[in-house]
Amino acid sequence: MDYVTKGYEPADALQYFEEISAIPRGSENEAGVADYICEFAKAHGLEYYRDEANNVIVKKPGSKGCENVPPLMLQGHTDMVCVKLPDVEHDFTKDPIELEIKDGWLTAKGTTLGADDGMAVAYMLAFLAKEDYVHPPLECVFTSMEEIGLLGAMAIDAGKLSAHRLINMDGGTSSENISVVSCAGGQVYNFRRTPAWEKAEGEALSFKIRGLLGGHSAGVMHLGRGNGLKLMARILAAVGKNMPVSLASFTGGAKMNAIVSEADAVIVVPAGKAAEAEKTAEKIAAEIKEELSVSDPGFAFICEKAEADQVMTAEDSKALITFLQLLPDGIRKMSQEIKDLVVCSSNVGILTMDGDTIDICDCIRSSEDGLKVTISEEMEALAALTGFEAVKGTGFGGWKYDAGSKLRALCADLYEKMYGKKMEFEATHGGLECGEFKSKIPDLDIMVVAPCAKEAHTPEESLNLESFNRIYQYLLAVFEELCK
């Protein structure tokens with residue numbers, strides 16, 4: 001094939017990047033790229049393993065004299081996010097990504113590039129094929145379905161791996177000297193109850209919460225933004241202290257990992273009590289507005305007359321309000337080592353009433369597994385006390401910051417020696433594949449390395465070619481250092 005990157009270095013890794021860019025590899029469509037990697041392994045006489053999730057592990061013995069050095073795992077994911085500009089015709093299930101170079105940046109013509117995480121795939125293929133360098137035994141792990149929930153990493157059999165050191169090469173940041181050092185694990189729950197319904201008798205009111213900023217629960221949890229469902233439960237509980245409250249409806253939220261920005265409820269109170277209910281609700285809403293004046297200055301509460309034909313029984317209405325009022329939400333623990341890092345949190349993300357079933361979806365995040373388990377147990381106990389069924393959903397492992405990481409210390413020292421810049425370390429409250437591998441291999445020492453890339457998950461995604469080469473050369477130096 002004609003290579004767009006001809007004349008750029010490292011030629012081998014860039015050629016592999018171009019070859020995998022010709023293979024459709026959206027999430028859940030990784031069979032083709034898995035086939036490619038397996039055929040590559042066969043052609044190079046390398047041991048490989050492929051599972052039903054299209055994860056592929058390829059192993060390369062250490063170079064001469066380094067055969068008995070402890071093995072090193074290299075890891076990245078094969079899938080990519082498939083997004084294109086509205087006027088671009090592109091079928092991500094069959095069309096290759098069209099590459100071009102602009103001012104030293106590799107990008108795609110109107111679509112996502114797939115540098116996240118094709119760059120890692122390309123590096124690993126190059127290191128597996130390359131012969132003239134010093135390196136420890138390598139275990140290259142190509143995971144699938146990362147972009148839709150770390151599903152490949154969850155499915156992988158860690159028994160196929162012997163390495164206790166990992167270099168993850170996912171994503172890319174605005175600067176290649178930034179490295180992630182911790183991530184959160186997670187646990188999703190659905191809490192369900194089937195209420196009884198009866199004819200509505202009394203006056204109906206509509207309560208609406210608007211103007212909250214919301215945001216991704218991993219990225220903005222430390223900002224203390226209000227959760228619409230929790231705030232609505234607070235208002236309803238206050239009204240319920242003074243009079244019976246029956247719920248005709250109560251909904252809010254669209255994603256389990258997003259802080260709820262809007263919530264709606266229709267309630268029925270005894271005849272002649274609507275004005276008092278509105279006054280109580282407005283009083284609590286005014287308190288909330290003052291409390292959220294910095295984090296959510298646009299908070300608004302709207303109360304209007306409404307109509308309702310049927311409502312949940314008083315018992316079911318009270319159970320739902322009480323459960324939401326007490327359900328843990330927000331920050332549970334902040335890091336004492338890394339500024340502004342949330343160690344543990346939970347987010348009440350969705351409340352729906354589909355047919356006759358109440359369904360509340362909650363996402364716990366924690367880089368410390370013990371805290372994740374503790375909150376899980378608290379939620380299950382609360383559900384049992386209030387008559388909700390707790391349904392445990394997807395769970396993923398966390399990676400707690402390790403101040404004594406030998407691999408990170410070695411890599412940071414070497415980067416500064418080679419390029420004259422210190423490594424900068426960041427932690428995320430989001431989930432990463434590193435957390436899954438850490439949960440499977442508890443003593444795993446982890447380092448995250450990636451070249452400079454930008455605008456991932458958008459048609460403007462691009463990869464800096466100079467940085468791609470620098471990190472390639474840097475990784476070769478790391479391998480050599482690990483063999484000393």
# chains A, B, ... in the order shown; residues from 1 in each chain; ligands from 1
call {"tool": "select_by_dssp", "arguments": {"residues": "range 146-191 of chain A", "states": "strand (DSSP E or B)", "output": "MDAnalysis selection string"}}
result
chainID A and resid 165:168 173 178:180 183 185:191
call {"tool": "write_last_selection", "arguments": {"atoms": "N, CA and C atoms", "output": "JSON list (two decimals), in the first residue's frame"}}
result
[["chain", "number", "residue", "atom", "x", "y", "z"],
["A", 165, "ARG", "N", 4.58, -5.98, 35.75],
["A", 165, "ARG", "CA", 4.85, -4.58, 35.40],
["A", 165, "ARG", "C", 4.09, -4.27, 34.13],
["A", 166, "LEU", "N", 3.44, -3.13, 34.09],
["A", 166, "LEU", "CA", 2.60, -2.77, 32.95],
["A", 166, "LEU", "C", 2.89, -1.36, 32.49],
["A", 167, "ILE", "N", 3.07, -1.20, 31.19],
["A", 167, "ILE", "CA", 3.07, 0.13, 30.57],
["A", 167, "ILE", "C", 1.83, 0.20, 29.70],
["A", 168, "ASN", "N", 0.88, 1.04, 30.14],
["A", 168, "ASN", "CA", -0.35, 1.28, 29.39],
["A", 168, "ASN", "C", -0.11, 2.48, 28.47],
["A", 173, "THR", "N", -2.37, 12.91, 25.60],
["A", 173, "THR", "CA", -2.77, 14.15, 26.26],
["A", 173, "THR", "C", -2.17, 15.34, 25.51],
["A", 178, "ILE", "N", 2.85, 14.13, 30.57],
["A", 178, "ILE", "CA", 1.79, 13.96, 31.56],
["A", 178, "ILE", "C", 1.42, 12.48, 31.64],
["A", 179, "SER", "N", 1.42, 11.96, 32.84],
["A", 179, "SER", "CA", 1.12, 10.54, 33.03],
["A", 179, "SER", "C", 0.06, 10.37, 34.11],
["A", 180, "VAL", "N", -0.88, 9.47, 33.87],
["A", 180, "VAL", "CA", -1.91, 9.17, 34.85],
["A", 180, "VAL", "C", -1.36, 8.18, 35.88],
["A", 183, "CYS", "N", -6.74, 5.62, 38.97],
["A", 183, "CYS", "CA", -8.08, 5.71, 38.38],
["A", 183, "CYS", "C", -9.09, 5.05, 39.31],
["A", 185, "GLY", "N", -12.26, 2.61, 40.28],
["A", 185, "GLY", "CA", -13.07, 1.47, 39.90],
["A", 185, "GLY", "C", -14.53, 1.86, 40.06],
["A", 186, "GLY", "N", -15.42, 0.98, 39.70],
["A", 186, "GLY", "CA", -16.82, 1.36, 39.78],
["A", 186, "GLY", "C", -17.75, 0.18, 40.00],
["A", 187, "GLN", "N", -18.95, 0.52, 40.41],
["A", 187, "GLN", "CA", -20.01, -0.48, 40.56],
["A", 187, "GLN", "C", -21.33, 0.19, 40.25],
["A", 188, "VAL", "N", -22.07, -0.39, 39.32],
["A", 188, "VAL", "CA", -23.38, 0.14, 38.95],
["A", 188, "VAL", "C", -24.47, -0.68, 39.64],
["A", 189, "TYR", "N", -25.48, 0.03, 40.14],
["A", 189, "TYR", "CA", -26.63, -0.62, 40.76],
["A", 189, "TYR", "C", -27.92, -0.11, 40.13],
["A", 190, "ASN", "N", -28.91, -1.00, 40.06],
["A", 190, "ASN", "CA", -30.28, -0.60, 39.77],
["A", 190, "ASN", "C", -31.14, -0.97, 40.98],
["A", 191, "PHE", "N", -31.91, -0.01, 41.45],
["A", 191, "PHE", "CA", -32.80, -0.24, 42.59],
["A", 191, "PHE", "C", -34.23, -0.17, 42.08]]
call {"tool": "closest_atom_pairs", "arguments": {"of": "range 116-227 of chain A", "to": "range 79-94 of chain A", "cutoff": "7 Å", "atoms": "only C-alpha atoms", "output": "JSON lines"}}
result
{"residue": "A:Asp116", "atom": "CA", "partner": "A:Met80", "partner_atom": "CA", "distance": 6.4}
{"residue": "A:Asp117", "atom": "CA", "partner": "A:Met80", "partner_atom": "CA", "distance": 6.7}
{"residue": "A:Ser144", "atom": "CA", "partner": "A:Asp79", "partner_atom": "CA", "distance": 5.8}
{"residue": "A:Met145", "atom": "CA", "partner": "A:Asp79", "partner_atom": "CA", "distance": 5.9}
{"residue": "A:Glu146", "atom": "CA", "partner": "A:Asp79", "partner_atom": "CA", "distance": 6.7}
{"residue": "A:Glu147", "atom": "CA", "partner": "A:Val81", "partner_atom": "CA", "distance": 6.7}
call {"tool": "write_last_selection", "arguments": {"atoms": "N, CA and C atoms", "output": "compact mmCIF listing (two decimals), in the first residue's frame"}}
result
# COMPACT_ATOMS: atom_id res chain seq x y z
N ASP A 116 -6.58 7.11 19.41
CA ASP A 116 -7.07 6.54 20.67
C ASP A 116 -7.80 5.25 20.31
N ASP A 117 -7.15 4.09 20.35
CA ASP A 117 -5.83 3.86 20.88
C ASP A 117 -4.97 3.12 19.85
N SER A 144 -10.21 -5.27 23.64
CA SER A 144 -11.35 -4.84 22.83
C SER A 144 -12.34 -4.04 23.68
N MET A 145 -13.26 -3.38 23.02
CA MET A 145 -14.44 -2.75 23.64
C MET A 145 -14.13 -1.84 24.82
N GLU A 146 -12.98 -1.17 24.78
CA GLU A 146 -12.64 -0.24 25.86
C GLU A 146 -13.58 0.96 25.87
N GLU A 147 -13.93 1.45 24.70
CA GLU A 147 -14.69 2.68 24.59
C GLU A 147 -16.14 2.55 25.04
call {"tool": "closest_residue", "arguments": {"among": "A:Arg332, A:Arg210, A:Lys130, A:Lys64", "to": "Lys289 in chain A", "atoms": "only C-alpha atoms"}}
result
A:Arg210
call {"tool": "closest_residue", "arguments": {"among": "A:Glu480, A:Glu426, A:Glu460, A:Asp369", "to": "Ser175 in chain A", "atoms": "only C-alpha atoms"}}
result
A:Glu426
call {"tool": "residues_around", "arguments": {"residues": "range 281-285 of chain A", "least_positions_apart": "2", "cutoff": "10 Å", "atoms": "only C-alpha atoms", "output": "mmCIF file with C-alpha atoms, in the first residue's frame"}}
result
data_model
loop_
_atom_site.group_PDB
_atom_site.id
_atom_site.type_symbol
_atom_site.label_atom_id
_atom_site.label_comp_id
_atom_site.auth_asym_id
_atom_site.auth_seq_id
_atom_site.Cartn_x
_atom_site.Cartn_y
_atom_site.Cartn_z
ATOM 1 C CA PHE A 207 -42.461 20.465 40.712
ATOM 2 C CA ILE A 209 -35.853 21.557 38.996
ATOM 3 C CA LEU A 231 -32.641 17.936 45.664
ATOM 4 C CA MET A 232 -36.154 17.030 44.548
ATOM 5 C CA ARG A 234 -35.286 16.888 49.791
ATOM 6 C CA ILE A 235 -38.084 19.216 48.736
ATOM 7 C CA LEU A 236 -40.668 16.412 48.674
ATOM 8 C CA ALA A 237 -39.582 15.187 52.108
ATOM 9 C CA ALA A 238 -40.029 18.690 53.523
ATOM 10 C CA VAL A 239 -43.549 18.931 52.118
ATOM 11 C CA ALA A 275 -50.825 26.585 48.734
ATOM 12 C CA GLU A 276 -49.129 25.367 51.908
ATOM 13 C CA ALA A 277 -47.258 22.682 49.946
ATOM 14 C CA GLU A 278 -46.049 25.272 47.446
ATOM 15 C CA LYS A 279 -44.918 27.623 50.222
ATOM 16 C CA GLU A 287 -32.266 27.448 50.804
ATOM 17 C CA ILE A 288 -30.905 25.229 48.040
ATOM 18 C CA LYS A 289 -30.361 28.187 45.713
ATOM 19 C CA GLU A 290 -28.275 29.909 48.394
ATOM 20 C CA GLU A 291 -26.270 26.736 49.053
ATOM 21 C CA PHE A 299 -30.617 26.618 39.885
ATOM 22 C CA ALA A 300 -34.342 27.195 39.497
ATOM 23 C CA PHE A 301 -37.419 25.615 41.063
ATOM 24 C CA ILE A 302 -40.773 25.820 39.290
ATOM 25 C CA CYS A 303 -44.102 24.997 40.927
#
call {"tool": "residues_around", "arguments": {"residues": "Leu161 in chain A", "least_positions_apart": "3", "cutoff": "8 Å", "atoms": "only C-alpha atoms", "output": "ChimeraX atom specification"}}
result
/A:139,157-158
call {"tool": "write_last_selection", "arguments": {"atoms": "C-alpha atoms", "output": "PDB file, in the first residue's frame"}}
result
ATOM      1  CA  GLU A 139       3.551  -9.505  26.746  1.00  0.00           C
ATOM      2  CA  ASP A 157      -7.975 -14.082  31.443  1.00  0.00           C
ATOM      3  CA  ALA A 158      -5.120 -12.786  33.606  1.00  0.00           C
TER       4      ALA A 158
END
call {"tool": "atom_distance", "arguments": {"atom1": "CA of Ile446 in chain A", "atom2": "CA of Gly330 in chain A"}}
result
28.1 Å
call {"tool": "closest_residue", "arguments": {"among": "A:Asp340, A:Ile156, A:Ala265, A:Asn257", "to": "Gly224 in chain A", "atoms": "only C-alpha atoms"}}
result
A:Asp340
call {"tool": "select_by_dssp", "arguments": {"residues": "range 12-236 of chain A", "states": "alpha helix (DSSP H)", "output": "JSON, numbers by chain"}}
result
{"A": [12, 13, 14, 15, 16, 17, 18, 19, 20, 21, 31, 32, 33, 34, 35, 36, 37, 38, 39, 40, 41, 42, 43, 115, 116, 117, 118, 119, 120, 121, 122, 123, 124, 125, 126, 127, 128, 129, 151, 152, 153, 154, 155, 228, 229, 230, 231, 232, 233, 234, 235, 236]}
call {"tool": "closest_atom_pairs", "arguments": {"of": "range 98-173 of chain A", "to": "range 37-54 of chain A", "cutoff": "7 Å", "atoms": "only C-alpha atoms", "output": "CSV"}}
result
residue,atom,partner,partner_atom,distance
A:Ala129,CA,A:His44,CA,6.8
A:Ser144,CA,A:Asn54,CA,6.2
A:Gly152,CA,A:Ala53,CA,6.1
A:Ala155,CA,A:Ala53,CA,6.9
call {"tool": "write_last_selection", "arguments": {"atoms": "N, CA and C atoms", "output": "mmCIF file, in the first residue's frame"}}
result
data_model
loop_
_atom_site.group_PDB
_atom_site.id
_atom_site.type_symbol
_atom_site.label_atom_id
_atom_site.label_comp_id
_atom_site.auth_asym_id
_atom_site.auth_seq_id
_atom_site.Cartn_x
_atom_site.Cartn_y
_atom_site.Cartn_z
ATOM 1 N N ALA A 129 7.725 -6.968 16.104
ATOM 2 C CA ALA A 129 8.400 -7.338 14.860
ATOM 3 C C ALA A 129 9.885 -6.987 14.875
ATOM 4 N N SER A 144 -10.208 -5.267 23.639
ATOM 5 C CA SER A 144 -11.351 -4.836 22.829
ATOM 6 C C SER A 144 -12.341 -4.040 23.676
ATOM 7 N N GLY A 152 -13.505 -5.470 27.205
ATOM 8 C CA GLY A 152 -12.454 -6.419 26.860
ATOM 9 C C GLY A 152 -11.544 -6.693 28.045
ATOM 10 N N ALA A 155 -13.039 -8.969 30.473
ATOM 11 C CA ALA A 155 -13.171 -10.364 30.037
ATOM 12 C C ALA A 155 -11.847 -11.107 29.972
#
call {"tool": "closest_residue", "arguments": {"among": "A:Ala184, A:Leu351, A:Val134, A:Ala314", "to": "Ile364 in chain A", "atoms": "only C-alpha atoms"}}
result
A:Ala184
call {"tool": "closest_residue", "arguments": {"among": "A:Ala31, A:Val391, A:Ala306, A:Ala115", "to": "Leu465 in chain A", "atoms": "only C-alpha atoms"}}
result
A:Ala115
call {"tool": "residues_around", "arguments": {"residues": "Ala200 in chain A", "least_positions_apart": "3", "cutoff": "6 Å", "atoms": "only C-alpha atoms", "output": "PyMOL selection string"}}
result
chain A and resi 309-311
call {"tool": "write_last_selection", "arguments": {"atoms": "N, CA, C and O atoms", "output": "PDB file, in the first residue's frame"}}
result
ATOM      1  N   ASP A 309     -54.543  11.607  37.465  1.00  0.00           N
ATOM      2  CA  ASP A 309     -55.648  10.660  37.578  1.00  0.00           C
ATOM      3  C   ASP A 309     -55.373   9.593  38.622  1.00  0.00           C
ATOM      4  O   ASP A 309     -56.280   9.136  39.317  1.00  0.00           O
ATOM      5  N   GLN A 310     -54.103   9.174  38.706  1.00  0.00           N
ATOM      6  CA  GLN A 310     -53.754   8.147  39.675  1.00  0.00           C
ATOM      7  C   GLN A 310     -52.415   8.465  40.326  1.00  0.00           C
ATOM      8  O   GLN A 310     -51.601   9.197  39.768  1.00  0.00           O
ATOM      9  N   VAL A 311     -52.219   7.907  41.508  1.00  0.00           N
ATOM     10  CA  VAL A 311     -50.983   8.146  42.258  1.00  0.00           C
ATOM     11  C   VAL A 311     -50.540   6.842  42.908  1.00  0.00           C
ATOM     12  O   VAL A 311     -51.323   5.905  43.077  1.00  0.00           O
TER      13      VAL A 311
END
call {"tool": "closest_residue", "arguments": {"among": "A:Leu229, A:Leu106, A:Val294, A:Ala263", "to": "Asn464 in chain A", "atoms": "only C-alpha atoms"}}
result
A:Leu106
call {"tool": "atom_distance", "arguments": {"atom1": "CA of Arg470 in chain A", "atom2": "CA of Gly32 in chain A"}}
result
29.4 Å
call {"tool": "atom_distance", "arguments": {"atom1": "CA of Cys434 in chain A", "atom2": "CA of Gly149 in chain A"}}
result
12.8 Å
call {"tool": "residues_around", "arguments": {"residues": "Glu262 in chain A", "least_positions_apart": "3", "cutoff": "9 Å", "atoms": "only C-alpha atoms", "output": "ChimeraX atom specification"}}
result
/A:208-212,214,227-229,251-253
call {"tool": "decode", "arguments": {"residues": "range 164-294 of chain A", "atoms": "C-alpha atoms", "output": "PDB file, in the first residue's frame"}}
result
ATOM      1  CA  HIS A 164       3.829  -7.826  37.117  1.00  0.00           C
ATOM      2  CA  ARG A 165       4.854  -4.583  35.400  1.00  0.00           C
ATOM      3  CA  LEU A 166       2.596  -2.772  32.949  1.00  0.00           C
ATOM      4  CA  ILE A 167       3.068   0.127  30.569  1.00  0.00           C
ATOM      5  CA  ASN A 168      -0.351   1.280  29.389  1.00  0.00           C
ATOM      6  CA  MET A 169      -0.347   3.448  26.255  1.00  0.00           C
ATOM      7  CA  ASP A 170      -3.919   4.682  26.037  1.00  0.00           C
ATOM      8  CA  GLY A 171      -5.246   7.946  24.726  1.00  0.00           C
ATOM      9  CA  GLY A 172      -2.737  10.733  24.618  1.00  0.00           C
ATOM     10  CA  THR A 173      -2.765  14.148  26.257  1.00  0.00           C
ATOM     11  CA  SER A 174      -1.904  17.729  25.417  1.00  0.00           C
ATOM     12  CA  SER A 175       1.639  17.010  26.577  1.00  0.00           C
ATOM     13  CA  GLU A 176       3.565  13.741  26.370  1.00  0.00           C
ATOM     14  CA  ASN A 177       5.169  14.274  29.794  1.00  0.00           C
ATOM     15  CA  ILE A 178       1.787  13.958  31.557  1.00  0.00           C
ATOM     16  CA  SER A 179       1.120  10.542  33.029  1.00  0.00           C
ATOM     17  CA  VAL A 180      -1.911   9.165  34.852  1.00  0.00           C
ATOM     18  CA  VAL A 181      -1.151   7.535  38.215  1.00  0.00           C
ATOM     19  CA  SER A 182      -4.549   6.439  39.528  1.00  0.00           C
ATOM     20  CA  CYS A 183      -8.077   5.714  38.380  1.00  0.00           C
ATOM     21  CA  ALA A 184     -11.379   4.804  39.938  1.00  0.00           C
ATOM     22  CA  GLY A 185     -13.073   1.465  39.904  1.00  0.00           C
ATOM     23  CA  GLY A 186     -16.821   1.357  39.784  1.00  0.00           C
ATOM     24  CA  GLN A 187     -20.005  -0.477  40.556  1.00  0.00           C
ATOM     25  CA  VAL A 188     -23.378   0.138  38.948  1.00  0.00           C
ATOM     26  CA  TYR A 189     -26.634  -0.621  40.759  1.00  0.00           C
ATOM     27  CA  ASN A 190     -30.282  -0.597  39.773  1.00  0.00           C
ATOM     28  CA  PHE A 191     -32.796  -0.243  42.586  1.00  0.00           C
ATOM     29  CA  ARG A 192     -36.307  -1.356  41.700  1.00  0.00           C
ATOM     30  CA  ARG A 193     -39.744  -1.394  43.257  1.00  0.00           C
ATOM     31  CA  THR A 194     -43.199  -2.149  41.882  1.00  0.00           C
ATOM     32  CA  PRO A 195     -45.639   0.284  43.547  1.00  0.00           C
ATOM     33  CA  ALA A 196     -49.382   0.005  43.972  1.00  0.00           C
ATOM     34  CA  TRP A 197     -51.536   2.671  42.354  1.00  0.00           C
ATOM     35  CA  GLU A 198     -54.817   4.257  43.379  1.00  0.00           C
ATOM     36  CA  LYS A 199     -57.161   7.002  42.248  1.00  0.00           C
ATOM     37  CA  ALA A 200     -55.870  10.518  42.877  1.00  0.00           C
ATOM     38  CA  GLU A 201     -57.857  12.557  45.361  1.00  0.00           C
ATOM     39  CA  GLY A 202     -56.867  16.101  46.263  1.00  0.00           C
ATOM     40  CA  GLU A 203     -54.891  18.855  44.540  1.00  0.00           C
ATOM     41  CA  ALA A 204     -52.077  18.176  42.102  1.00  0.00           C
ATOM     42  CA  LEU A 205     -48.852  20.196  41.779  1.00  0.00           C
ATOM     43  CA  SER A 206     -45.971  19.969  39.312  1.00  0.00           C
ATOM     44  CA  PHE A 207     -42.461  20.465  40.712  1.00  0.00           C
ATOM     45  CA  LYS A 208     -39.562  21.071  38.329  1.00  0.00           C
ATOM     46  CA  ILE A 209     -35.853  21.557  38.996  1.00  0.00           C
ATOM     47  CA  ARG A 210     -33.918  23.300  36.238  1.00  0.00           C
ATOM     48  CA  GLY A 211     -30.639  25.151  35.677  1.00  0.00           C
ATOM     49  CA  LEU A 212     -28.206  22.774  37.370  1.00  0.00           C
ATOM     50  CA  LEU A 213     -24.903  22.400  35.541  1.00  0.00           C
ATOM     51  CA  GLY A 214     -24.659  18.612  35.834  1.00  0.00           C
ATOM     52  CA  GLY A 215     -21.654  17.102  34.054  1.00  0.00           C
ATOM     53  CA  HIS A 216     -19.759  13.811  33.963  1.00  0.00           C
ATOM     54  CA  SER A 217     -19.633  12.265  37.413  1.00  0.00           C
ATOM     55  CA  ALA A 218     -15.962  11.343  36.938  1.00  0.00           C
ATOM     56  CA  GLY A 219     -14.828  14.744  35.725  1.00  0.00           C
ATOM     57  CA  VAL A 220     -16.691  17.300  37.834  1.00  0.00           C
ATOM     58  CA  MET A 221     -17.620  15.483  41.046  1.00  0.00           C
ATOM     59  CA  HIS A 222     -15.035  17.513  42.987  1.00  0.00           C
ATOM     60  CA  LEU A 223     -16.923  20.726  42.121  1.00  0.00           C
ATOM     61  CA  GLY A 224     -19.813  19.855  44.429  1.00  0.00           C
ATOM     62  CA  ARG A 225     -22.592  20.385  41.905  1.00  0.00           C
ATOM     63  CA  GLY A 226     -26.189  19.702  42.884  1.00  0.00           C
ATOM     64  CA  ASN A 227     -27.990  16.508  41.862  1.00  0.00           C
ATOM     65  CA  GLY A 228     -31.549  17.190  40.712  1.00  0.00           C
ATOM     66  CA  LEU A 229     -32.966  13.913  42.008  1.00  0.00           C
ATOM     67  CA  LYS A 230     -31.484  14.331  45.466  1.00  0.00           C
ATOM     68  CA  LEU A 231     -32.641  17.936  45.664  1.00  0.00           C
ATOM     69  CA  MET A 232     -36.154  17.030  44.548  1.00  0.00           C
ATOM     70  CA  ALA A 233     -36.309  14.291  47.197  1.00  0.00           C
ATOM     71  CA  ARG A 234     -35.286  16.888  49.791  1.00  0.00           C
ATOM     72  CA  ILE A 235     -38.084  19.216  48.736  1.00  0.00           C
ATOM     73  CA  LEU A 236     -40.668  16.412  48.674  1.00  0.00           C
ATOM     74  CA  ALA A 237     -39.582  15.187  52.108  1.00  0.00           C
ATOM     75  CA  ALA A 238     -40.029  18.690  53.523  1.00  0.00           C
ATOM     76  CA  VAL A 239     -43.549  18.931  52.118  1.00  0.00           C
ATOM     77  CA  GLY A 240     -44.282  15.446  53.455  1.00  0.00           C
ATOM     78  CA  LYS A 241     -43.521  16.538  57.033  1.00  0.00           C
ATOM     79  CA  ASN A 242     -46.612  18.749  57.021  1.00  0.00           C
ATOM     80  CA  MET A 243     -49.106  16.698  55.025  1.00  0.00           C
ATOM     81  CA  PRO A 244     -49.615  13.425  53.135  1.00  0.00           C
ATOM     82  CA  VAL A 245     -47.846  13.439  49.726  1.00  0.00           C
ATOM     83  CA  SER A 246     -48.693  10.994  46.964  1.00  0.00           C
ATOM     84  CA  LEU A 247     -46.556  10.757  43.851  1.00  0.00           C
ATOM     85  CA  ALA A 248     -48.143  10.676  40.407  1.00  0.00           C
ATOM     86  CA  SER A 249     -44.718  10.735  38.755  1.00  0.00           C
ATOM     87  CA  PHE A 250     -41.065  11.347  39.574  1.00  0.00           C
ATOM     88  CA  THR A 251     -38.331  11.246  36.915  1.00  0.00           C
ATOM     89  CA  GLY A 252     -34.877  12.662  36.172  1.00  0.00           C
ATOM     90  CA  GLY A 253     -31.493  11.944  34.637  1.00  0.00           C
ATOM     91  CA  ALA A 254     -30.437  10.317  31.379  1.00  0.00           C
ATOM     92  CA  LYS A 255     -27.087   8.614  32.084  1.00  0.00           C
ATOM     93  CA  MET A 256     -25.834   6.772  35.144  1.00  0.00           C
ATOM     94  CA  ASN A 257     -22.475   8.584  34.931  1.00  0.00           C
ATOM     95  CA  ALA A 258     -23.893  12.112  34.599  1.00  0.00           C
ATOM     96  CA  ILE A 259     -24.897  14.346  37.509  1.00  0.00           C
ATOM     97  CA  VAL A 260     -28.639  14.967  37.147  1.00  0.00           C
ATOM     98  CA  SER A 261     -29.342  18.520  35.980  1.00  0.00           C
ATOM     99  CA  GLU A 262     -33.147  18.341  35.750  1.00  0.00           C
ATOM    100  CA  ALA A 263     -35.848  16.512  37.719  1.00  0.00           C
ATOM    101  CA  ASP A 264     -39.653  16.465  37.531  1.00  0.00           C
ATOM    102  CA  ALA A 265     -42.336  15.338  39.949  1.00  0.00           C
ATOM    103  CA  VAL A 266     -46.110  15.545  40.041  1.00  0.00           C
ATOM    104  CA  ILE A 267     -47.607  15.213  43.516  1.00  0.00           C
ATOM    105  CA  VAL A 268     -51.076  15.141  44.971  1.00  0.00           C
ATOM    106  CA  VAL A 269     -51.790  16.662  48.403  1.00  0.00           C
ATOM    107  CA  PRO A 270     -55.068  16.848  50.333  1.00  0.00           C
ATOM    108  CA  ALA A 271     -57.681  19.318  49.098  1.00  0.00           C
ATOM    109  CA  GLY A 272     -56.974  22.819  50.347  1.00  0.00           C
ATOM    110  CA  LYS A 273     -53.291  22.064  51.041  1.00  0.00           C
ATOM    111  CA  ALA A 274     -51.739  23.043  47.687  1.00  0.00           C
ATOM    112  CA  ALA A 275     -50.825  26.585  48.734  1.00  0.00           C
ATOM    113  CA  GLU A 276     -49.129  25.367  51.908  1.00  0.00           C
ATOM    114  CA  ALA A 277     -47.258  22.682  49.946  1.00  0.00           C
ATOM    115  CA  GLU A 278     -46.049  25.272  47.446  1.00  0.00           C
ATOM    116  CA  LYS A 279     -44.918  27.623  50.222  1.00  0.00           C
ATOM    117  CA  THR A 280     -42.922  24.848  51.921  1.00  0.00           C
ATOM    118  CA  ALA A 281     -41.348  23.767  48.635  1.00  0.00           C
ATOM    119  CA  GLU A 282     -40.399  27.337  47.721  1.00  0.00           C
ATOM    120  CA  LYS A 283     -38.775  27.812  51.140  1.00  0.00           C
ATOM    121  CA  ILE A 284     -36.559  24.747  50.726  1.00  0.00           C
ATOM    122  CA  ALA A 285     -35.789  25.724  47.127  1.00  0.00           C
ATOM    123  CA  ALA A 286     -34.601  29.156  48.332  1.00  0.00           C
ATOM    124  CA  GLU A 287     -32.266  27.448  50.804  1.00  0.00           C
ATOM    125  CA  ILE A 288     -30.905  25.229  48.040  1.00  0.00           C
ATOM    126  CA  LYS A 289     -30.361  28.187  45.713  1.00  0.00           C
ATOM    127  CA  GLU A 290     -28.275  29.909  48.394  1.00  0.00           C
ATOM    128  CA  GLU A 291     -26.270  26.736  49.053  1.00  0.00           C
ATOM    129  CA  LEU A 292     -25.564  26.255  45.322  1.00  0.00           C
ATOM    130  CA  SER A 293     -24.869  29.914  44.521  1.00  0.00           C
ATOM    131  CA  VAL A 294     -21.277  29.106  43.528  1.00  0.00           C
TER     132      VAL A 294
END
